[in-house]
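Asker: Dropping in input_1.txt, with compact mmCIF, C-alpha atoms.
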# COMPACT_ATOMS: atom_id res chain seq x y z
CA GLN K 1 27.37 134.91 30.34
CA VAL K 2 30.11 135.15 32.93
CA GLN K 3 32.15 138.25 33.64
CA LEU K 4 35.58 137.92 35.21
CA VAL K 5 37.19 140.89 36.91
CA GLN K 6 40.78 140.60 38.02
CA SER K 7 42.67 142.49 40.70
CA GLY K 8 46.11 142.33 42.23
CA GLY K 9 49.43 142.09 40.50
CA GLY K 10 52.11 144.73 40.27
CA LEU K 11 55.84 144.97 40.74
CA VAL K 12 57.76 142.81 43.20
CA GLN K 13 61.36 141.80 43.76
CA ALA K 14 62.54 138.28 43.10
CA GLY K 15 61.67 136.03 46.01
CA GLY K 16 58.64 138.09 46.89
CA SER K 17 54.94 137.26 46.82
CA LEU K 18 51.80 138.54 45.15
CA ARG K 19 48.19 137.48 45.14
CA LEU K 20 45.84 137.74 42.19
CA SER K 21 42.08 137.70 42.51
CA CYS K 22 39.39 136.97 39.95
CA ALA K 23 35.77 137.69 40.79
CA ALA K 24 33.12 136.01 38.67
CA SER K 25 29.66 137.45 38.12
CA GLY K 26 26.71 136.62 35.94
CA ARG K 27 26.02 133.22 37.45
CA SER K 28 24.78 132.32 40.90
CA SER K 29 26.87 129.16 40.99
CA LEU K 30 30.11 128.07 39.40
CA SER K 31 29.67 124.48 40.53
CA THR K 32 30.09 123.03 37.02
CA TYR K 33 32.99 125.28 36.06
CA ILE K 34 36.72 125.02 36.04
CA MET K 35 38.57 128.25 36.76
CA GLY K 36 42.07 128.70 35.44
CA TRP K 37 44.99 131.08 35.37
CA PHE K 38 47.15 131.64 32.32
CA ARG K 39 50.00 134.02 31.63
CA GLN K 40 51.59 135.54 28.58
CA ALA K 41 55.01 137.14 28.38
CA PRO K 42 55.99 139.41 25.50
CA GLY K 43 56.73 137.43 22.38
CA LYS K 44 55.61 134.16 23.95
CA GLU K 45 52.53 132.00 23.72
CA ARG K 46 49.92 131.99 26.44
CA GLU K 47 50.99 129.53 29.11
CA PHE K 48 48.86 127.51 31.50
CA VAL K 49 49.56 128.32 35.15
CA SER K 50 46.92 126.65 37.28
CA ALA K 51 43.30 125.55 37.44
CA ILE K 52 40.73 124.51 40.01
CA ARG K 53 37.54 122.52 39.61
CA TRP K 54 34.84 124.36 41.47
CA SER K 55 32.83 121.30 42.47
CA ASP K 56 35.53 119.48 44.44
CA SER K 57 38.43 121.97 44.57
CA ALA K 58 40.73 119.64 42.61
CA THR K 59 43.74 121.60 41.46
CA TYR K 60 46.28 121.37 38.69
CA TYR K 61 49.52 123.30 38.18
CA GLY K 62 51.92 123.96 35.39
CA ASP K 63 55.40 122.53 35.95
CA SER K 64 57.04 125.94 36.09
CA VAL K 65 54.98 127.09 39.09
CA LYS K 66 54.41 123.86 40.99
CA GLY K 67 55.37 124.25 44.62
CA ARG K 68 55.44 128.05 44.43
CA PHE K 69 51.93 129.04 43.37
CA THR K 70 48.65 128.07 45.02
CA ILE K 71 45.18 128.36 43.55
CA ALA K 72 42.18 128.66 45.83
CA LYS K 73 38.55 129.73 45.73
CA ASP K 74 35.93 131.38 47.86
CA ASN K 75 32.52 129.92 47.17
CA ALA K 76 30.61 132.72 48.84
CA LEU K 77 32.38 135.41 46.82
CA ASN K 78 32.60 133.45 43.54
CA THR K 79 36.24 134.41 43.53
CA VAL K 80 39.37 132.49 42.64
CA TYR K 81 42.81 133.43 43.88
CA LEU K 82 46.35 132.78 42.77
CA GLN K 83 48.88 133.09 45.55
CA MET K 84 52.34 133.45 44.04
CA ASN K 85 55.35 132.91 46.27
CA SER K 86 59.08 132.76 45.59
CA LEU K 87 58.57 134.80 42.46
CA LYS K 88 61.23 134.77 39.78
CA PRO K 89 61.95 137.23 36.97
CA GLU K 90 60.73 134.61 34.50
CA ASP K 91 57.30 134.81 36.11
CA THR K 92 56.95 138.29 34.60
CA ALA K 93 53.90 138.29 32.33
CA VAL K 94 50.33 139.42 31.94
CA TYR K 95 48.20 137.03 33.96
CA TYR K 96 44.69 136.10 32.86
CA CYS K 97 41.87 134.48 34.73
CA ALA K 98 39.64 132.15 32.68
CA ALA K 99 36.54 130.02 33.05
CA ASP K 100 35.67 126.74 31.34
CA SER K 101 31.91 126.36 31.40
CA SER K 102 31.64 122.82 30.06
CA PRO K 103 34.69 120.92 31.13
CA SER K 104 35.26 117.22 30.72
CA ILE K 105 38.70 117.40 32.30
CA ILE K 106 40.87 120.07 33.86
CA SER K 107 42.45 121.44 30.72
CA ARG K 108 45.68 123.35 30.26
CA ARG K 109 44.59 124.49 26.79
CA SER K 110 43.47 128.07 26.57
CA ARG K 111 41.08 127.24 23.74
CA ASN K 112 38.96 125.23 26.17
CA TYR K 113 38.17 128.29 28.26
CA ASP K 114 35.13 130.36 27.32
CA TYR K 115 35.47 133.47 29.43
CA TRP K 116 38.48 135.61 30.21
CA GLY K 117 39.42 138.35 32.61
CA GLN K 118 40.97 141.60 31.51
CA GLY K 119 44.52 140.60 32.39
CA THR K 120 46.87 142.03 34.99
CA GLN K 121 50.57 142.72 34.79
CA VAL K 122 52.98 140.96 37.11
CA THR K 123 56.57 142.17 36.99
CA VAL K 124 59.32 140.51 38.99
CA SER K 125 62.59 142.40 39.21
CA SER K 126 65.92 140.68 39.76
Written as structure tokens, that's how I'd like the structure from this file.

Answerer:
Amino acid sequence: QVQLVQSGGGLVQAGGSLRLSCAASGRSSLSTYIMGWFRQAPGKEREFVSAIRWSDSATYYGDSVKGRFTIAKDNALNTVYLQMNSLKPEDTAVYYCAADSSPSIISRRSRNYDYWGQGTQVTVSS
């Protein structure tokens, strides 16, 4: 069992930056996992944002955030980060951290992820 605890988020003006953190516990190593970030705006489906493969740090981004967001990890802290720059009002959503415990590929499908963080609100004002 893996527990994911998120921190960060909040309110920022358009063009600003925020960093989200997701600390994983319950396993000594995430070496076989893929960690992802998703977001969900009111009335919309959950959207893939980014993912990182723990073993080799390979990353994958959704088209809407490519070039603005960066995913990274800290092996010692079992923590994954999402650095969000050049934020836009359309980035406003609840952001969720997720873990895929038995990945075959880096997936953008939320159904492939087994564990989820509690969610954190990101609001970008215009």

Asker: Point out the residue among K:Leu87, K:Ala98, K:Val124, K:Ile52 with the least atom-to-atom distance to Leu11 (chain K), counting all atoms listed in the file.

Answerer: K:Val124

Asker: Between CA of Thr79 (chain K) and CA of Ala99 (chain K), what is the distance, to one decimal in Å?

Answerer: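 According to the coordinates, CA of Thr79 (chain K) and CA of Ala99 (chain K) are separated by 11.4 Å.
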
Asker: Quick one: residues within 7 Å of region 38-49 of chain K, only C-alpha atoms, excluding same-chain residues fewer than 3 positions away - as a list of chain:residue names?

Answerer: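 The filter keeps K:Tyr61, K:Gly62, K:Val65, K:Thr92, K:Ala93, K:Val94, K:Tyr95, K:Tyr96, K:Cys97, K:Arg108.
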
Asker: Contacts of Leu30 (chain K) at 9 Å or less, counting all atoms listed in the file, minus same-chain residues fewer than 5 places along, as a PyMOL selection string?

Answerer: chain K and resi 24+35+54-55+75+78+101

Asker: Between K:Thr32, K:Gly8, K:Ser125, K:Arg109, which one has atoms that come closest to Arg53 (chain K), using only C-alpha atoms?

Answerer: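 Using only C-alpha atoms, Arg53 (chain K) sits closest to K:Thr32.
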